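What's in data.txt: compact mmCIF, C-alpha atoms
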```
# COMPACT_ATOMS: atom_id res chain seq x y z
CA MET A 146 0.00 0.00 0.00
CA SER A 147 1.38 3.39 -0.87
CA ALA A 148 2.10 5.85 1.91
CA ARG A 149 -0.63 8.25 0.95
CA HIS A 150 -3.21 5.51 1.45
CA GLN A 151 -2.05 4.28 4.81
CA ARG A 152 -4.51 6.36 6.75
CA THR A 153 -7.39 6.21 4.30
CA LEU A 154 -10.43 4.62 5.90
CA ALA A 155 -12.51 2.13 4.00
CA LEU A 156 -15.13 4.73 3.32
CA PRO A 157 -18.73 3.84 2.63
CA ALA A 158 -20.77 6.43 0.75
CA TYR A 159 -24.31 7.51 1.49
CA ARG A 160 -26.79 7.95 -1.33
CA PRO A 161 -28.18 11.42 -1.82
CA ASP A 162 -31.91 11.75 -1.24
CA PRO A 163 -33.75 12.23 -4.53
CA ASP A 164 -35.57 15.48 -5.29
CA GLY A 165 -39.00 15.38 -3.78
CA THR A 166 -37.86 14.05 -0.41
CA HIS A 167 -37.30 17.13 1.73
CA PRO A 168 -39.05 20.49 1.88
CA PRO A 169 -37.34 23.36 0.05
CA LEU A 170 -35.60 25.76 2.43
CA ASP A 171 -37.39 28.53 0.56
CA SER A 172 -41.05 27.78 1.31
CA PRO A 173 -42.87 31.15 1.13
CA ASP A 174 -46.09 29.92 2.77
CA TYR A 175 -44.01 29.34 5.92
CA ARG A 176 -43.13 32.98 6.37
CA SER A 177 -40.16 32.53 8.66
CA THR A 178 -38.22 30.89 5.83
CA ALA A 179 -37.98 34.22 3.97
CA LEU A 180 -34.77 35.47 5.60
CA ARG A 181 -33.51 32.06 6.66
CA HIS A 182 -32.85 30.25 3.41
CA PRO A 183 -29.61 30.50 1.43
CA LEU A 184 -29.97 32.18 -1.95
CA ARG A 185 -27.03 30.35 -3.49
CA GLN A 186 -26.93 26.71 -4.43
CA PRO A 187 -25.04 24.45 -2.05
CA LEU A 188 -21.73 23.05 -3.29
CA THR A 189 -21.14 19.33 -3.43
CA LEU A 190 -18.95 17.98 -0.66
CA PRO A 191 -17.48 14.58 -1.51
CA GLN A 192 -18.05 12.49 1.62
CA SER A 193 -14.79 12.08 3.51
CA ALA A 194 -14.13 10.50 6.89
CA THR A 195 -15.64 13.56 8.58
CA GLU A 196 -18.98 13.01 6.89
CA ILE A 197 -19.27 9.22 7.00
CA THR A 198 -18.58 9.17 10.71
CA GLY A 199 -20.71 11.02 13.20
CA PRO A 200 -21.67 11.21 16.82
CA VAL A 201 -22.53 7.82 18.26
CA LEU A 202 -24.06 8.91 21.51
CA GLY A 203 -26.15 7.57 24.25
CA GLU A 204 -24.28 5.45 26.71
CA GLY A 205 -24.46 7.28 30.00
CA ARG A 206 -26.76 9.86 28.47
CA ILE A 207 -30.06 8.04 28.92
CA GLY A 208 -31.84 7.85 32.27
CA GLU A 209 -34.06 4.92 33.16
CA ARG A 210 -37.28 6.89 32.70
CA ASP A 211 -36.24 9.08 29.79
CA ASN A 212 -38.49 7.25 27.32
CA ASP A 213 -41.59 7.62 29.50
CA LEU A 214 -42.74 11.23 29.57
CA THR A 215 -45.60 10.39 31.94
CA VAL A 216 -43.49 9.38 34.95
CA GLN A 217 -41.05 12.28 35.23
CA HIS A 218 -42.99 14.02 38.04
CA PRO A 219 -44.73 12.98 41.24
CA GLY A 220 -48.13 13.21 39.55
CA GLU A 221 -49.40 12.06 36.17
CA PRO A 222 -49.81 14.50 33.30
CA VAL A 223 -53.29 15.25 31.96
CA GLY A 224 -54.27 13.96 28.54
CA GLN A 225 -54.58 10.92 26.33
CA ARG A 226 -51.82 8.45 27.19
CA ILE A 227 -50.15 7.02 24.07
CA VAL A 228 -47.32 4.68 23.14
CA VAL A 229 -45.30 5.81 20.12
CA HIS A 230 -43.05 3.12 18.75
CA GLY A 231 -41.32 2.14 15.54
CA ARG A 232 -38.03 1.30 13.91
CA VAL A 233 -35.18 3.40 12.68
CA LEU A 234 -34.03 1.94 9.37
CA ASP A 235 -31.67 2.97 6.65
CA GLY A 236 -32.67 3.27 3.02
CA ASP A 237 -31.79 -0.37 2.43
CA GLY A 238 -34.12 -1.56 5.14
CA ARG A 239 -31.34 -2.29 7.60
CA ALA A 240 -31.96 -1.56 11.25
CA VAL A 241 -30.05 1.37 12.77
CA PRO A 242 -29.17 -0.04 16.21
CA ASN A 243 -27.97 1.67 19.39
CA SER A 244 -28.74 5.09 18.04
CA LEU A 245 -29.94 8.12 19.99
CA VAL A 246 -33.55 9.27 19.43
CA GLU A 247 -34.63 12.56 21.03
CA ILE A 248 -38.20 13.87 21.13
CA TRP A 249 -39.94 17.01 22.38
CA GLN A 250 -43.54 18.12 22.25
CA ALA A 251 -46.37 20.27 23.62
CA ASN A 252 -48.63 19.08 26.42
CA ALA A 253 -52.22 17.90 25.97
CA GLY A 254 -53.40 21.50 25.76
CA GLY A 255 -50.91 22.39 23.03
CA ARG A 256 -48.59 24.37 25.32
CA TYR A 257 -44.82 23.96 25.36
CA ARG A 258 -42.84 24.30 28.57
CA HIS A 259 -40.75 27.11 27.10
CA ASP A 260 -40.28 30.79 27.93
CA ALA A 261 -41.26 31.81 24.42
CA ASP A 262 -44.60 29.97 24.44
CA VAL A 263 -47.11 32.24 26.16
CA TRP A 264 -50.46 31.52 24.53
CA PRO A 265 -53.41 31.12 26.95
CA SER A 266 -53.38 27.39 27.49
CA PRO A 267 -52.23 25.99 30.82
CA LEU A 268 -48.89 24.40 31.56
CA ASP A 269 -49.11 20.95 33.12
CA PRO A 270 -47.00 20.74 36.29
CA ASN A 271 -46.50 17.03 35.59
CA PHE A 272 -45.29 17.31 32.02
CA ASP A 273 -42.00 18.61 30.59
CA GLY A 274 -42.37 17.20 27.09
CA ALA A 275 -38.83 15.89 26.48
CA GLY A 276 -37.72 12.31 26.00
CA ARG A 277 -34.78 10.32 24.73
CA THR A 278 -33.93 6.71 24.14
CA LEU A 279 -31.57 4.42 22.25
CA THR A 280 -32.74 2.10 19.51
CA ASP A 281 -32.28 -1.58 20.34
CA GLU A 282 -30.33 -4.06 18.22
CA HIS A 283 -33.27 -4.24 15.78
CA GLY A 284 -33.52 -0.46 15.47
CA ARG A 285 -36.65 -0.35 17.60
CA TYR A 286 -37.61 2.52 19.88
CA GLU A 287 -40.60 3.21 22.09
CA PHE A 288 -41.90 6.21 24.04
CA THR A 289 -44.82 6.51 26.41
CA THR A 290 -46.23 10.02 26.40
CA ILE A 291 -49.36 12.17 26.15
CA LYS A 292 -50.95 13.03 22.83
CA PRO A 293 -49.94 16.64 22.20
CA GLY A 294 -52.58 19.26 21.49
CA ALA A 295 -52.68 21.56 18.48
CA TYR A 296 -51.38 25.07 19.05
CA PRO A 297 -51.85 28.46 17.43
CA TRP A 298 -49.05 30.47 15.84
CA LYS A 299 -48.70 33.70 13.97
CA ASN A 300 -47.85 32.54 10.46
CA HIS A 301 -51.27 33.65 9.14
CA HIS A 302 -54.69 34.49 10.61
CA ASN A 303 -56.06 31.62 12.71
CA ALA A 304 -53.05 29.41 11.99
CA TRP A 305 -52.86 26.19 14.01
CA ARG A 306 -50.14 23.58 13.96
CA PRO A 307 -51.47 20.03 13.69
CA ALA A 308 -50.56 17.88 16.70
CA HIS A 309 -46.98 16.69 16.30
CA ILE A 310 -43.96 15.30 18.12
CA HIS A 311 -40.48 16.54 17.18
CA PHE A 312 -37.96 13.77 16.48
CA SER A 313 -34.17 14.03 16.33
CA LEU A 314 -32.13 11.15 14.88
CA PHE A 315 -28.38 10.70 14.61
CA GLY A 316 -28.05 7.43 12.73
CA ARG A 317 -24.43 6.33 12.29
CA SER A 318 -23.00 9.22 10.31
CA LEU A 319 -23.19 12.96 9.84
CA THR A 320 -24.88 12.31 6.50
CA GLN A 321 -27.78 10.56 8.28
CA ARG A 322 -28.54 13.30 10.81
CA LEU A 323 -32.24 14.15 10.67
CA VAL A 324 -34.66 16.32 12.62
CA THR A 325 -38.31 15.89 11.70
CA GLN A 326 -41.85 15.92 13.08
CA MET A 327 -44.28 13.05 13.51
CA TYR A 328 -47.97 13.74 12.93
CA PHE A 329 -51.14 11.83 13.78
CA PRO A 330 -53.48 10.22 11.24
CA ASP A 331 -56.36 12.20 9.73
CA ASP A 332 -55.59 15.49 11.42
CA PRO A 333 -58.09 18.10 10.15
CA LEU A 334 -55.41 20.79 10.47
CA PHE A 335 -53.11 19.34 7.79
CA ASP A 336 -54.63 21.36 4.93
CA GLN A 337 -53.80 24.77 6.37
CA ASP A 338 -50.36 23.96 7.79
CA PRO A 339 -47.48 25.31 5.68
CA ILE A 340 -44.87 23.31 7.57
CA PHE A 341 -46.49 19.94 6.90
CA ASN A 342 -47.31 21.01 3.35
CA SER A 343 -43.77 22.22 2.69
CA VAL A 344 -42.92 18.55 2.14
CA PRO A 345 -43.45 17.43 -1.46
CA GLU A 346 -46.92 15.88 -1.64
CA ALA A 347 -45.84 12.34 -2.42
CA ALA A 348 -43.60 12.27 0.66
CA ARG A 349 -46.00 13.79 3.22
CA ASN A 350 -47.51 10.52 4.35
CA ARG A 351 -44.05 9.44 5.57
CA LEU A 352 -44.49 11.94 8.41
CA VAL A 353 -47.85 10.57 9.55
CA SER A 354 -47.89 7.86 12.19
CA ARG A 355 -50.22 4.87 11.93
CA PHE A 356 -52.78 4.06 14.60
CA ASP A 357 -51.74 0.68 15.95
CA MET A 358 -54.45 -1.42 17.56
CA ASN A 359 -51.93 -4.16 18.32
CA ARG A 360 -49.96 -1.83 20.54
CA THR A 361 -53.06 -0.28 22.08
CA THR A 362 -53.36 -1.49 25.66
CA ASP A 363 -56.77 -2.15 27.24
CA HIS A 364 -57.63 0.52 29.79
CA TRP A 365 -54.20 2.10 29.44
CA ALA A 366 -52.90 3.66 26.23
CA LEU A 367 -53.44 4.10 22.48
CA GLY A 368 -50.66 2.85 20.21
CA PHE A 369 -49.10 4.69 17.26
CA GLU A 370 -46.40 3.37 14.98
CA PHE A 371 -43.85 5.61 13.27
CA ASP A 372 -40.94 4.16 11.32
CA ILE A 373 -38.12 6.50 10.36
CA VAL A 374 -35.87 5.96 7.34
CA LEU A 375 -32.40 7.50 7.20
CA ARG A 376 -30.22 7.59 4.09
CA GLY A 377 -28.88 4.28 2.82
CA ARG A 378 -25.43 3.49 1.53
CA GLU A 379 -24.36 3.29 -2.06
CA ALA A 380 -24.67 -0.25 -3.40
CA THR A 381 -20.95 -0.49 -4.04
CA PRO A 382 -18.90 0.75 -1.10
CA PHE A 383 -16.02 2.97 -2.02
CA GLU A 384 -12.70 1.19 -2.15
CA ASP A 385 -9.22 2.49 -2.67
CA ASP A 386 -7.98 2.18 -6.21
CA ASP A 387 -5.50 -0.64 -6.52
CA HIS A 388 -3.90 0.28 -9.79
CA ASP A 389 -1.21 2.55 -8.39
CA HIS A 390 0.19 0.12 -5.85
CA MET B 87 -28.44 3.07 -7.47
CA THR B 88 -32.07 2.30 -6.85
CA THR B 89 -33.16 -1.22 -6.09
CA SER B 90 -36.52 -2.72 -5.29
CA SER B 91 -35.55 -2.86 -1.63
CA THR B 92 -34.80 0.86 -1.40
CA LEU B 93 -36.85 2.70 1.20
CA PRO B 94 -37.51 6.41 0.70
CA SER B 95 -36.06 8.66 3.39
CA THR B 96 -38.20 10.36 5.99
CA PRO B 97 -38.48 14.08 5.12
CA SER B 98 -36.92 16.78 7.28
CA GLN B 99 -38.95 19.33 9.26
CA THR B 100 -37.95 22.46 11.16
CA VAL B 101 -36.78 22.24 14.76
CA GLY B 102 -39.22 25.09 15.49
CA PRO B 103 -38.85 27.74 18.18
CA TYR B 104 -38.90 25.33 21.14
CA LEU B 105 -35.91 23.20 20.12
CA HIS B 106 -34.28 23.85 23.51
CA ILE B 107 -36.71 21.49 25.22
CA GLY B 108 -35.31 18.51 23.38
CA LEU B 109 -31.94 19.39 21.91
CA THR B 110 -29.85 21.26 24.44
CA TRP B 111 -27.52 19.53 26.87
CA GLN B 112 -25.69 21.08 29.79
CA ASP B 113 -22.44 19.60 28.49
CA GLY B 114 -23.36 20.23 24.85
CA PRO B 115 -20.57 22.75 24.13
CA PHE B 116 -17.79 20.47 25.36
CA VAL B 117 -16.27 18.61 22.46
CA VAL B 118 -13.34 18.23 24.84
CA PRO B 119 -13.47 18.50 28.64
CA GLU B 120 -12.90 21.86 30.29
CA GLY B 121 -9.26 22.17 31.26
CA THR B 122 -7.93 20.40 28.16
CA PRO B 123 -4.57 22.18 27.66
CA SER B 124 -4.88 22.84 23.92
CA ALA B 125 -8.59 23.67 24.00
CA VAL B 126 -10.00 26.66 22.12
CA TRP B 127 -13.47 28.17 21.94
CA ILE B 128 -15.10 28.47 18.56
CA ARG B 129 -17.83 31.08 18.85
CA GLY B 130 -20.01 32.90 16.43
CA ARG B 131 -23.40 34.16 15.46
CA VAL B 132 -25.93 32.73 13.04
CA ILE B 133 -27.14 35.65 10.96
CA ASP B 134 -30.26 35.98 8.78
CA GLY B 135 -30.81 37.73 5.47
CA ALA B 136 -31.52 41.05 7.20
CA GLY B 137 -28.22 40.90 9.08
CA GLU B 138 -29.92 40.08 12.39
CA PRO B 139 -28.59 37.36 14.70
CA ILE B 140 -30.85 34.30 14.81
CA THR B 141 -31.33 33.55 18.51
CA ASP B 142 -33.40 30.39 18.10
CA ALA B 143 -30.85 28.35 16.16
CA LEU B 144 -28.84 25.30 17.13
CA VAL B 145 -25.31 24.64 15.88
CA GLU B 146 -23.90 21.12 15.98
CA THR B 147 -20.26 20.36 15.26
CA TRP B 148 -18.35 17.18 14.37
CA GLN B 149 -14.62 16.62 13.96
CA CYS B 150 -11.67 14.32 14.60
CA ASP B 151 -9.18 14.74 17.42
CA GLU B 152 -5.76 16.37 17.14
CA HIS B 153 -4.34 13.16 15.64
CA GLY B 154 -7.02 12.74 13.02
CA ARG B 155 -9.00 10.08 14.88
CA PHE B 156 -12.79 10.00 14.95
CA ALA B 157 -14.75 8.85 18.00
CA HIS B 158 -16.64 6.40 15.81
CA PRO B 159 -16.52 2.62 15.27
CA GLU B 160 -15.86 3.14 11.54
CA ASP B 161 -12.44 4.54 12.45
CA PRO B 162 -10.07 1.69 13.32
CA ARG B 163 -8.08 4.06 15.52
CA SER B 164 -11.05 5.17 17.60
CA ALA B 165 -9.93 2.94 20.48
CA GLU B 166 -6.75 5.03 20.81
CA ILE B 167 -8.69 8.21 21.53
CA GLY B 168 -8.23 9.62 25.02
CA SER B 169 -11.22 9.64 27.30
CA GLY B 170 -13.30 12.77 27.22
CA PHE B 171 -12.91 13.54 23.53
CA ARG B 172 -16.42 13.37 22.11
CA GLY B 173 -15.91 14.98 18.72
CA PHE B 174 -19.45 16.33 18.87
CA GLY B 175 -20.61 19.70 20.12
CA ARG B 176 -23.99 21.37 20.22
CA SER B 177 -24.88 24.86 21.29
CA ASP B 178 -27.96 27.02 20.94
CA THR B 179 -27.79 30.73 20.17
CA ARG B 180 -30.05 32.19 22.87
CA SER B 181 -27.26 34.45 24.09
CA GLY B 182 -26.66 35.72 20.56
CA ASP B 183 -23.65 33.46 20.02
CA TYR B 184 -23.08 29.76 19.85
CA GLY B 185 -19.90 28.44 21.43
CA ILE B 186 -18.08 25.10 21.59
CA LEU B 187 -14.89 24.18 23.39
CA THR B 188 -12.71 22.00 21.24
CA VAL B 189 -9.23 21.31 19.89
CA ILE B 190 -7.96 22.00 16.40
CA PRO B 191 -8.49 18.74 14.56
CA GLY B 192 -5.74 16.84 12.80
CA ARG B 193 -5.50 16.47 9.05
CA VAL B 194 -7.37 13.57 7.50
CA PRO B 195 -7.24 12.36 3.92
CA ASP B 196 -10.11 12.59 1.49
CA ARG B 197 -11.26 9.61 -0.56
CA SER B 198 -8.30 9.70 -2.88
CA GLY B 199 -5.78 10.04 -0.07
CA VAL B 200 -5.16 13.77 -0.42
CA LEU B 201 -4.73 15.39 3.00
CA GLN B 202 -7.43 17.86 3.94
CA ALA B 203 -6.77 20.93 6.05
CA PRO B 204 -8.03 20.88 9.65
CA HIS B 205 -11.79 21.42 9.55
CA VAL B 206 -14.91 21.15 11.68
CA ASP B 207 -18.25 20.26 10.09
CA LEU B 208 -21.21 22.34 11.27
CA SER B 209 -24.93 21.65 10.97
CA VAL B 210 -27.23 24.61 11.58
CA PHE B 211 -30.87 24.16 12.56
CA ALA B 212 -33.41 26.90 13.33
CA ARG B 213 -37.02 27.92 13.36
CA GLY B 214 -37.76 28.92 9.78
CA MET B 215 -35.34 26.35 8.39
CA LEU B 216 -37.11 23.27 7.11
CA HIS B 217 -33.86 21.36 6.75
CA ARG B 218 -30.45 21.81 8.32
CA VAL B 219 -27.68 23.49 6.38
CA VAL B 220 -24.15 22.09 6.54
CA THR B 221 -20.89 23.98 6.28
CA ARG B 222 -17.25 23.60 7.28
CA ALA B 223 -15.05 25.81 9.42
CA TYR B 224 -11.37 25.94 8.46
CA PHE B 225 -8.74 27.84 10.43
CA ALA B 226 -7.53 31.13 8.97
CA ASP B 227 -4.13 30.78 10.65
CA ARG B 228 -3.36 27.58 8.72
CA PRO B 229 -2.92 29.11 5.27
CA GLU B 230 -0.60 26.45 3.88
CA ALA B 231 -2.89 23.56 4.77
CA ASN B 232 -5.89 25.52 3.53
CA ALA B 233 -4.22 26.25 0.20
CA ALA B 234 -3.78 22.50 -0.37
CA ASP B 235 -7.27 21.49 0.79
CA PRO B 236 -9.21 19.60 -1.90
CA VAL B 237 -12.59 20.96 -0.75
CA LEU B 238 -11.60 24.61 -0.35
CA SER B 239 -10.11 24.47 -3.82
CA THR B 240 -13.61 23.84 -5.22
CA VAL B 241 -14.94 27.02 -3.60
CA PRO B 242 -14.83 30.21 -5.69
CA ASP B 243 -12.08 32.56 -4.44
CA ASP B 244 -14.44 35.33 -3.44
CA ARG B 245 -16.48 33.04 -1.17
CA ARG B 246 -13.68 31.05 0.42
CA GLN B 247 -13.31 33.46 3.34
CA THR B 248 -16.83 32.54 4.50
CA LEU B 249 -15.36 29.19 5.56
CA LEU B 250 -12.49 30.60 7.62
CA ALA B 251 -12.64 30.78 11.42
CA ARG B 252 -10.63 33.81 12.55
CA PRO B 253 -8.40 33.88 15.63
CA SER B 254 -10.01 35.58 18.65
CA THR B 255 -9.04 36.20 22.27
CA ASP B 256 -9.94 32.70 23.44
CA GLY B 257 -9.94 30.74 20.22
CA TYR B 258 -11.72 31.45 16.96
CA THR B 259 -14.75 33.30 15.62
CA PHE B 260 -16.89 31.70 12.95
CA ASP B 261 -20.13 33.46 11.98
CA VAL B 262 -22.64 31.67 9.78
CA HIS B 263 -24.49 33.93 7.34
CA VAL B 264 -27.55 31.96 6.33
CA GLN B 265 -28.49 34.41 3.58
CA GLY B 266 -27.25 37.59 1.99
CA GLU B 267 -24.24 39.26 0.48
CA ARG B 268 -21.84 37.49 2.81
CA GLU B 269 -23.72 34.21 2.60
CA THR B 270 -21.72 31.29 3.94
CA VAL B 271 -20.87 28.48 1.54
CA PHE B 272 -23.08 25.51 2.35
CA PHE B 273 -22.57 21.95 1.20
CA ASP B 274 -24.65 19.02 0.09
CA VAL B 275 -23.11 16.13 2.00
```

Taking this structure as input, can you express it in the form of structure tokens?
Amino acid sequence: MSARHQRTLALPAYRPDPDGTHPPLDSPDYRSTALRHPLRQPLTLPQSATEITGPVLGEGRIGERDNDLTVQHPGEPVGQRIVVHGRVLDGDGRAVPNSLVEIWQANAGGRYRHDADVWPSPLDPNFDGAGRTLTDEHGRYEFTTIKPGAYPWKNHHNAWRPAHIHFSLFGRSLTQRLVTQMYFPDDPLFDQDPIFNSVPEAARNRLVSRFDMNRTTDHWALGFEFDIVLRGREATPFEDDDHDH
Amino acid sequence: MTTSSTLPSTPSQTVGPYLHIGLTWQDGPFVVPEGTPSAVWIRGRVIDGAGEPITDALVETWQCDEHGRFAHPEDPRSAEIGSGFRGFGRSDTRSGDYGILTVIPGRVPDRSGVLQAPHVDLSVFARGMLHRVVTRAYFADRPEANAADPVLSTVPDDRRQTLLARPSTDGYTFDVHVQGERETVFFDV
């Protein structure tokens, strides 16, 4: 092996997402995008070791009750108890194991425990709205929480966000990092929400969880299933050229 | 390549204004532990198209250690990394600035074996941004390494300075201009 290759990692490459996957950064109906989207096209960055690695976090960062948002206070939060579960997969259907999943959300009345959220809906003293967990060896995760309420915002007159839970995923590489929102089936607020509708139409249903009777527990909680797909790897992993050895 | 088994990716959504509930950690800024002898702060603002600081953004950083090793199982040398080096930093901008405490990373080769200049990858998230943007910070006081960097060489001359972190009193300053005349170069990764 030549000297210049001695420290080259065997680098996999991650497929780019095709057009029509993600919302455009410039989405005029969501007014806050106006001054917060680049005007110039991004340059292509060939994936090097910096991009195909990434934070692999979690050990020592997860408390025993971090995936149950209903037991973080002496009393129980108000609202519809739900179990949200699913798998984190890559684009080839492979499980993404031992990977950090972070969530945050409003309470049952649609109020966030945050200084900047001051609309007239009560805070719940028994609900913070933050959770985290690690996927298991099959890429599975599960949270117990309260179904969040819808909440009003100032994007346009009488604008209401559909109920949603924010999700943050790390995957196994910087290229797979994803922050998204999970919605609930058949929400009547979808039509007027510019954030949900910023996603190309054919891809929107990927953000909507499925009601799951099998994971609904008698006299306890409704089940919802939400699988998350992160970018897959190129079919042929990159290998060092051999011809100059 | 698309095969029948390919699953389409889940779309991105904005972190929204309440990202702090879920995404901030007390130790978030510490890529290296406080007290690390060669540690430097990288600080900066995230600035919108009107020139105003964005105070509800989150900056995440990722890099190798001073010897070019990544805290990641894909790197065969990850086991040699000293304890406490995480490689990852995250900081919100509520105070007007983000800030991470880190070390200047070593040089790592690109895919063809050409050494890159020391660099830190940054992802920026914010209310009003439906997807993260990704950029790289290089170090302005490493001109020789920067001149040989295979990524910087693809950036038009007049925009290259947007990728340079400038020396400051306790480390470096690296502002991210999301939009406008001084718009930072962003990358598709």

Nearest to Asp161 in chain B among A:Leu180, A:Leu156, A:Val263, A:Leu202, with distances taken over only C-alpha atoms: which residue is it? A:Leu156

Set the cut-off to 7 Å and count all atoms listed in the file: what are the residues of chain B that reach chain A? Output as a PyMOL selection string. chain B and resi 87+91-101+104+107-108+134-136+148-149+158+160-161+174+195-197+199+214-217+264-265+271-275

What does the distance between CA of His205 in chain B and CA of Phe225 in chain B come to in Å, to one decimal place?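 Straight-line distance from CA of His205 in chain B to CA of Phe225 in chain B works out to 7.2 Å.
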
If we count only C-alpha atoms and set the cut-off at 8 Å, which residues sit around His263 in chain B, ignoring sequence neighbours fewer than 4 positions away in its own chain? Please answer as a ChimeraX atom specification. /B:132-135,268-270

A:Leu268, A:Thr289, A:Phe315, A:Ala158: which is nearest Trp365 in chain A, counting all atoms listed in the file? A:Thr289

Using only C-alpha atoms, can you tell me which of A:Val241, A:Val353, A:Val246, A:Ile291 comes closest to Gln225 in chain A?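 Nearest to Gln225 in chain A: A:Ile291.
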
At a cut-off of 9 Å from (-51.7, 22.1, 26.7) in the coordinates of the file, what residues are picked up using all atoms listed in the file, written as a compact mmCIF listing (two decimals) with C-alpha atoms, in the frame of the given file?
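Output file result.txt follows:
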```txt
# COMPACT_ATOMS: atom_id res chain seq x y z
CA VAL A 223 -53.29 15.25 31.96
CA GLY A 224 -54.27 13.96 28.54
CA ALA A 251 -46.37 20.27 23.62
CA ASN A 252 -48.63 19.08 26.42
CA ALA A 253 -52.22 17.90 25.97
CA GLY A 254 -53.40 21.50 25.76
CA GLY A 255 -50.91 22.39 23.03
CA ARG A 256 -48.59 24.37 25.32
CA TYR A 257 -44.82 23.96 25.36
CA SER A 266 -53.38 27.39 27.49
CA PRO A 267 -52.23 25.99 30.82
CA LEU A 268 -48.89 24.40 31.56
CA ASP A 269 -49.11 20.95 33.12
CA PRO A 293 -49.94 16.64 22.20
CA GLY A 294 -52.58 19.26 21.49
CA ALA A 295 -52.68 21.56 18.48
CA TYR A 296 -51.38 25.07 19.05
```

Using only C-alpha atoms, the residue out of A:Pro333, A:Thr280, A:Tyr328, A:Pro297 with shortest distance to Leu314 in chain A is A:Thr280

In Å, with one decimal, what is the gap from CA of Arg246 in chain B to CA of Tyr184 in chain B?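 If I compute the distance from CA of Arg246 in chain B to CA of Tyr184 in chain B, I get 21.6 Å.
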
Please provide as a PyMOL selection string all residues within 6 Å of Phe288 in chain A, with the sequence filter that same-chain residues fewer than 2 positions apart are discarded (counting all atoms listed in the file). chain A and resi 212-213+228-229

What gap, in Å, lies between CA of Pro204 in chain B and CA of Phe116 in chain B?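 Atom-to-atom, CA of Pro204 in chain B to CA of Phe116 in chain B, that is 18.5 Å.
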
Neighbourhood query: residues within 10 Å of (-24.1, 24.5, 9.7), file coordinates, counting all atoms listed in the file; return as a ChimeraX atom specification. /B:132,144-147,206-211,218-223,262-264,270-273

Generate the output file for the selected residues, C-alpha atoms, as a tab-separated table (two decimals), in the frame of the given file.
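So the final result, stored in result-v9.tsv, reads:
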```
chain	number	residue	atom	x	y	z
B	132	VAL	CA	-25.93	32.73	13.04
B	144	LEU	CA	-28.84	25.30	17.13
B	145	VAL	CA	-25.31	24.64	15.88
B	146	GLU	CA	-23.90	21.12	15.98
B	147	THR	CA	-20.26	20.36	15.26
B	206	VAL	CA	-14.91	21.15	11.68
B	207	ASP	CA	-18.25	20.26	10.09
B	208	LEU	CA	-21.21	22.34	11.27
B	209	SER	CA	-24.93	21.65	10.97
B	210	VAL	CA	-27.23	24.61	11.58
B	211	PHE	CA	-30.87	24.16	12.56
B	218	ARG	CA	-30.45	21.81	8.32
B	219	VAL	CA	-27.68	23.49	6.38
B	220	VAL	CA	-24.15	22.09	6.54
B	221	THR	CA	-20.89	23.98	6.28
B	222	ARG	CA	-17.25	23.60	7.28
B	223	ALA	CA	-15.05	25.81	9.42
B	262	VAL	CA	-22.64	31.67	9.78
B	263	HIS	CA	-24.49	33.93	7.34
B	264	VAL	CA	-27.55	31.96	6.33
B	270	THR	CA	-21.72	31.29	3.94
B	271	VAL	CA	-20.87	28.48	1.54
B	272	PHE	CA	-23.08	25.51	2.35
B	273	PHE	CA	-22.57	21.95	1.20
```

Show which residues sit within 7 Å of Ala157 in chain B, as a list in words. Count only C-alpha atoms, and ignore same-chain residues fewer than 3 positions away.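 Contacts, with the query itself left out: Ser164, Arg172 and Gly173 of chain B.
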